[in-house]
Amino acid sequence: MGHLPSEPTNDFSITCTPTEPTVNLEDDVHWKLSSYDLPAVEIAAATFSWTFDDGTPKTASSSDAYVSYTTPGKKTATLTVSTKKSGTATTSCSVIIPSNPITDCQCTAEKRSIDIKTGGNAKWQISGCKSSKDIINYTWEGAGVAGNGESATATFTNKGDILAPTVTVTNEEYGIAKVSCPAVTATDSDTPDYLLDFNDSFSTERIKVPSGACIQIHGSWSTQYFTPKLNVTCEYSSSTYDFVMKLSHEDKNIDCLGSLFSRCSISIGTVSLGENDFGEVCVTISPEDGTLASCILEL
């Protein structure tokens with residue numbers, strides 16, 4: 001005599017979650033099955049049934065789902081997982097769609113390159129955030145980044161390390177803004193990758209640098225009655241008809257528009273008697289095709 005099939009045990013549990021606890025109104029919510037206490041092979045053969053209170057679509061039948069909403073507030077999703085062996089389990093999860101978003105945030109770096117010989121200390125600042133409700137929190141992320149409200153710091157110890165933190169801004173009604181900060185690169189002034197140096201006879205040698213590189217500039221001067229102003233000039237030839245070459249020195253930025261070719265200059269200061277250290281000039285080209293810029297120090 002054959003055996004009757006066993007009844008489902010109904011003794012397993014599941015949880016669901018949105019990939020982000022708060023999502024702006026214009027963004028889709030990504031709901032997913034986040035945990036289960038069943039063998040993976042059984043979950044693979046299971047059926048899934050999602051229902052969403054006021055989203056689009058209203059239902060879904062896979063282990064995850066993307067849903068859009070047209071009104072703010074707390075949104076709930078319900079997930080039922082059914083298996084032949086273990087029965088059925090149901091769970092619910094929620095997300096906040098804020099009514100007061102945060103806009104116009106900008107993150108800047110105090111310097112785009114940091115010399116480890118002078119401490120290797122980098123600093124970022126976020127500003128310009130607009131919100132109709134009070135901003136209550138700034139959450140900074142990045143290896144070794146220490147956040148303190150609207151600013152964050154990190155200390156570099158190895159030449160060539162690069163760090164580009166992110167910061168999440170939150171207001172009192174769950175509005176969020178995720179902001180990417182510019183990358184900062186660690187350099188070592190004892191062993192510079194790109195160097196323009198000078199003395200009284202003045203060098204006119206050009207160097208080739210890629211986009212994203214920083215040129216260290218220093219030299220000595222002994223002519224008392226002639227202390228010229230210095231400029232760094234870079235030329236770039238590209239296969240791109242429209243591009244922007246940016247030169248940055250301390251808090252100064254020069255943008256030069258180019259079409260196949262561009263020549264761009266930035267003033268870095270006036271020489272003085274003795275040793276001169278003008279820091280770095282950083283070169284950024286967007287979009288870039290891998291061609292090197294040609295840079296020179298000029299009076």
# chains A, B, ... in the order shown; residues from 1 in each chain; ligands from 1
$ residues_around --residues "Ala77 (chain A)" --least-positions-apart "4" --cutoff "10 Å" --atoms "only C-alpha atoms" --output "PyMOL selection string"
chain A and resi 16-18+31-32+50-55+58-59+67+91-95
$ write_last_selection --atoms "C-alpha atoms" --output "compact mmCIF listing (two decimals), in the first residue's frame"
# COMPACT_ATOMS: atom_id res chain seq x y z
CA CYS A 16 12.33 40.85 3.48
CA THR A 17 13.91 44.29 3.25
CA PRO A 18 14.40 47.25 0.95
CA TRP A 31 12.64 45.01 -2.34
CA LYS A 32 14.29 41.65 -1.76
CA TRP A 50 4.78 40.11 -3.39
CA THR A 51 2.06 42.68 -2.80
CA PHE A 52 2.71 46.43 -2.52
CA ASP A 53 0.27 48.82 -0.87
CA ASP A 54 0.26 51.65 -3.42
CA GLY A 55 3.25 51.05 -5.68
CA LYS A 58 1.07 46.14 -7.40
CA THR A 59 2.42 42.57 -7.33
CA VAL A 67 8.66 49.33 -7.29
CA THR A 91 6.55 38.48 6.16
CA SER A 92 6.26 42.25 5.74
CA CYS A 93 8.82 45.05 5.51
CA SER A 94 8.70 48.82 5.03
CA VAL A 95 10.51 51.79 3.57
$ residues_around --residues "Phe226 (chain A)" --least-positions-apart "5" --cutoff "12 Å" --atoms "only C-alpha atoms" --output "PyMOL selection string"
chain A and resi 200+221+270-273+299
$ select_by_dssp --residues "region 19-232 of chain A" --states "strand (DSSP E or B)" --output "PyMOL selection string"
chain A and resi 22+29-36+47-52+56+59-60+64-68+73-83+87-97+103+106-109+113-115+121-127+130+135-141+146-148+151-155+162-163+166-171+176-180+184-187+195-198+207-209+214-221+229-232
$ write_last_selection --atoms "C-alpha atoms" --output "mmCIF file, in the first residue's frame"
data_model
loop_
_atom_site.group_PDB
_atom_site.id
_atom_site.type_symbol
_atom_site.label_atom_id
_atom_site.label_comp_id
_atom_site.auth_asym_id
_atom_site.auth_seq_id
_atom_site.Cartn_x
_atom_site.Cartn_y
_atom_site.Cartn_z
ATOM 1 C CA THR A 22 14.877 55.538 2.931
ATOM 2 C CA VAL A 29 12.554 50.904 -4.227
ATOM 3 C CA HIS A 30 14.406 47.600 -4.531
ATOM 4 C CA TRP A 31 12.644 45.015 -2.343
ATOM 5 C CA LYS A 32 14.289 41.646 -1.761
ATOM 6 C CA LEU A 33 14.096 38.399 0.188
ATOM 7 C CA SER A 34 16.850 38.975 2.738
ATOM 8 C CA SER A 35 16.959 35.798 4.821
ATOM 9 C CA TYR A 36 15.412 32.339 5.099
ATOM 10 C CA THR A 47 7.213 30.396 -5.514
ATOM 11 C CA PHE A 48 7.191 34.056 -4.484
ATOM 12 C CA SER A 49 4.270 36.407 -4.153
ATOM 13 C CA TRP A 50 4.782 40.113 -3.391
ATOM 14 C CA THR A 51 2.058 42.679 -2.805
ATOM 15 C CA PHE A 52 2.710 46.427 -2.518
ATOM 16 C CA THR A 56 3.694 50.215 -9.336
ATOM 17 C CA THR A 59 2.418 42.575 -7.334
ATOM 18 C CA ALA A 60 5.538 40.599 -8.265
ATOM 19 C CA ASP A 64 13.135 40.620 -5.538
ATOM 20 C CA ALA A 65 11.227 43.474 -7.128
ATOM 21 C CA TYR A 66 11.632 47.118 -8.155
ATOM 22 C CA VAL A 67 8.660 49.326 -7.290
ATOM 23 C CA SER A 68 7.979 53.029 -7.900
ATOM 24 C CA GLY A 73 5.172 58.239 3.362
ATOM 25 C CA LYS A 74 5.796 54.825 4.859
ATOM 26 C CA LYS A 75 5.376 52.050 2.292
ATOM 27 C CA THR A 76 4.869 48.386 3.113
ATOM 28 C CA ALA A 77 5.571 45.268 1.092
ATOM 29 C CA THR A 78 4.297 41.778 1.927
ATOM 30 C CA LEU A 79 6.086 38.650 0.732
ATOM 31 C CA THR A 80 4.783 35.073 0.777
ATOM 32 C CA VAL A 81 7.129 32.180 -0.022
ATOM 33 C CA SER A 82 5.589 28.772 -0.756
ATOM 34 C CA THR A 83 7.418 25.440 -0.952
ATOM 35 C CA GLY A 87 4.811 24.955 3.407
ATOM 36 C CA THR A 88 4.303 28.697 3.337
ATOM 37 C CA ALA A 89 5.768 31.647 5.213
ATOM 38 C CA THR A 90 4.769 35.321 5.054
ATOM 39 C CA THR A 91 6.553 38.482 6.156
ATOM 40 C CA SER A 92 6.258 42.247 5.741
ATOM 41 C CA CYS A 93 8.821 45.050 5.511
ATOM 42 C CA SER A 94 8.696 48.815 5.031
ATOM 43 C CA VAL A 95 10.510 51.787 3.574
ATOM 44 C CA ILE A 96 10.240 55.559 4.070
ATOM 45 C CA ILE A 97 9.590 57.814 1.051
ATOM 46 C CA THR A 103 19.020 69.025 -2.887
ATOM 47 C CA GLN A 106 28.265 69.657 -3.003
ATOM 48 C CA CYS A 107 31.365 68.022 -1.583
ATOM 49 C CA THR A 108 34.819 69.540 -2.053
ATOM 50 C CA ALA A 109 38.324 68.468 -1.103
ATOM 51 C CA SER A 113 46.673 65.569 -3.506
ATOM 52 C CA ILE A 114 48.305 65.223 -0.100
ATOM 53 C CA ASP A 115 52.018 64.929 0.667
ATOM 54 C CA ASN A 121 46.132 64.890 6.241
ATOM 55 C CA ALA A 122 43.192 65.239 3.843
ATOM 56 C CA LYS A 123 39.954 67.112 4.444
ATOM 57 C CA TRP A 124 36.563 67.174 2.705
ATOM 58 C CA GLN A 125 33.654 69.554 3.225
ATOM 59 C CA ILE A 126 29.995 69.320 2.232
ATOM 60 C CA SER A 127 28.016 72.498 1.663
ATOM 61 C CA LYS A 130 18.912 72.803 0.625
ATOM 62 C CA ILE A 135 19.242 68.538 8.489
ATOM 63 C CA ILE A 136 20.018 66.263 11.420
ATOM 64 C CA ASN A 137 22.831 63.980 10.339
ATOM 65 C CA TYR A 138 25.845 63.524 8.070
ATOM 66 C CA THR A 139 27.111 59.954 7.663
ATOM 67 C CA TRP A 140 30.571 59.687 6.073
ATOM 68 C CA GLU A 141 31.848 56.497 4.458
ATOM 69 C CA ALA A 146 36.492 60.293 10.245
ATOM 70 C CA GLY A 147 33.379 62.445 9.864
ATOM 71 C CA ASN A 148 32.454 65.384 12.057
ATOM 72 C CA SER A 151 33.442 67.864 7.300
ATOM 73 C CA ALA A 152 35.595 64.747 7.318
ATOM 74 C CA THR A 153 39.294 63.950 7.496
ATOM 75 C CA ALA A 154 41.625 61.071 6.683
ATOM 76 C CA THR A 155 45.368 60.518 7.063
ATOM 77 C CA ILE A 162 43.473 57.241 -3.350
ATOM 78 C CA LEU A 163 40.374 57.994 -1.304
ATOM 79 C CA THR A 166 30.746 59.501 0.228
ATOM 80 C CA VAL A 167 28.440 61.296 2.636
ATOM 81 C CA THR A 168 24.737 60.694 3.283
ATOM 82 C CA VAL A 169 22.799 63.749 4.457
ATOM 83 C CA THR A 170 19.532 63.203 6.359
ATOM 84 C CA ASN A 171 16.812 65.640 7.430
ATOM 85 C CA ILE A 176 18.272 61.888 2.153
ATOM 86 C CA ALA A 177 20.982 62.948 -0.248
ATOM 87 C CA LYS A 178 23.935 60.737 -1.104
ATOM 88 C CA VAL A 179 26.920 62.776 -2.251
ATOM 89 C CA SER A 180 30.189 61.589 -3.797
ATOM 90 C CA VAL A 184 42.376 62.714 -3.046
ATOM 91 C CA THR A 185 45.697 61.069 -3.916
ATOM 92 C CA ALA A 186 48.693 60.617 -1.616
ATOM 93 C CA THR A 187 52.044 61.822 -2.923
ATOM 94 C CA LEU A 195 58.140 67.527 -11.227
ATOM 95 C CA LEU A 196 58.753 70.978 -12.667
ATOM 96 C CA ASP A 197 61.756 72.608 -11.007
ATOM 97 C CA PHE A 198 63.623 75.812 -11.684
ATOM 98 C CA ILE A 207 56.896 67.011 -19.046
ATOM 99 C CA LYS A 208 54.099 64.636 -20.056
ATOM 100 C CA VAL A 209 51.319 63.979 -17.546
ATOM 101 C CA CYS A 214 49.534 66.371 -10.044
ATOM 102 C CA ILE A 215 52.826 68.141 -10.800
ATOM 103 C CA GLN A 216 55.058 69.212 -7.914
ATOM 104 C CA ILE A 217 56.759 72.568 -8.430
ATOM 105 C CA HIS A 218 59.776 73.862 -6.551
ATOM 106 C CA GLY A 219 63.162 75.490 -7.106
ATOM 107 C CA SER A 220 65.734 77.932 -5.795
ATOM 108 C CA TRP A 221 66.223 81.600 -6.661
ATOM 109 C CA LYS A 229 55.516 85.456 -11.405
ATOM 110 C CA LEU A 230 55.269 81.825 -12.469
ATOM 111 C CA ASN A 231 52.663 80.041 -14.556
ATOM 112 C CA VAL A 232 52.131 76.406 -15.409
#
$ closest_residue --among "A:Ser131, A:Gly290, A:Gly120, A:Phe202" --to "Glu172 (chain A)" --atoms "only C-alpha atoms"
A:Ser131
$ residues_around --residues "Ile296 (chain A)" --least-positions-apart "4" --cutoff "7 Å" --atoms "only C-alpha atoms" --output "list of chain:residue names"
A:Thr204, A:Glu205, A:Arg206, A:Ile207, A:Val232, A:Thr233, A:Cys234
$ write_last_selection --atoms "N, CA and C atoms" --output "PDB file, in the first residue's frame"
ATOM      1  N   THR A 204      63.020  75.253 -19.227  1.00  0.00           N
ATOM      2  CA  THR A 204      61.853  75.265 -20.115  1.00  0.00           C
ATOM      3  C   THR A 204      61.505  73.852 -20.569  1.00  0.00           C
ATOM      4  N   GLU A 205      61.956  72.868 -19.856  1.00  0.00           N
ATOM      5  CA  GLU A 205      61.704  71.480 -20.242  1.00  0.00           C
ATOM      6  C   GLU A 205      60.239  71.126 -19.999  1.00  0.00           C
ATOM      7  N   ARG A 206      59.645  70.488 -20.988  1.00  0.00           N
ATOM      8  CA  ARG A 206      58.260  70.041 -20.865  1.00  0.00           C
ATOM      9  C   ARG A 206      58.217  68.635 -20.263  1.00  0.00           C
ATOM     10  N   ILE A 207      57.121  68.358 -19.541  1.00  0.00           N
ATOM     11  CA  ILE A 207      56.896  67.011 -19.046  1.00  0.00           C
ATOM     12  C   ILE A 207      55.517  66.545 -19.502  1.00  0.00           C
ATOM     13  N   VAL A 232      52.042  77.742 -14.816  1.00  0.00           N
ATOM     14  CA  VAL A 232      52.131  76.406 -15.409  1.00  0.00           C
ATOM     15  C   VAL A 232      51.191  76.389 -16.607  1.00  0.00           C
ATOM     16  N   THR A 233      51.725  76.008 -17.748  1.00  0.00           N
ATOM     17  CA  THR A 233      50.943  75.950 -18.984  1.00  0.00           C
ATOM     18  C   THR A 233      50.953  74.518 -19.502  1.00  0.00           C
ATOM     19  N   CYS A 234      49.763  74.020 -19.827  1.00  0.00           N
ATOM     20  CA  CYS A 234      49.627  72.666 -20.360  1.00  0.00           C
ATOM     21  C   CYS A 234      48.924  72.709 -21.707  1.00  0.00           C
TER      22      CYS A 234
END
$ atom_distance --atom1 "CA of Ser189 (chain A)" --atom2 "CA of Asp251 (chain A)"
19.7 Å
$ closest_residue --among "A:Gly212, A:Gly279, A:Gly128, A:Pro101" --to "Lys246 (chain A)" --atoms "only C-alpha atoms"
A:Gly212
$ atom_distance --atom1 "CA of Ser237 (chain A)" --atom2 "CA of Ser211 (chain A)"
12.4 Å
$ atom_distance --atom1 "CA of Met245 (chain A)" --atom2 "CA of Leu260 (chain A)"
11.4 Å
$ closest_residue --among "A:Cys256, A:Ile102, A:Ile266, A:Val145" --to "Lys133 (chain A)" --atoms "only C-alpha atoms"
A:Ile102
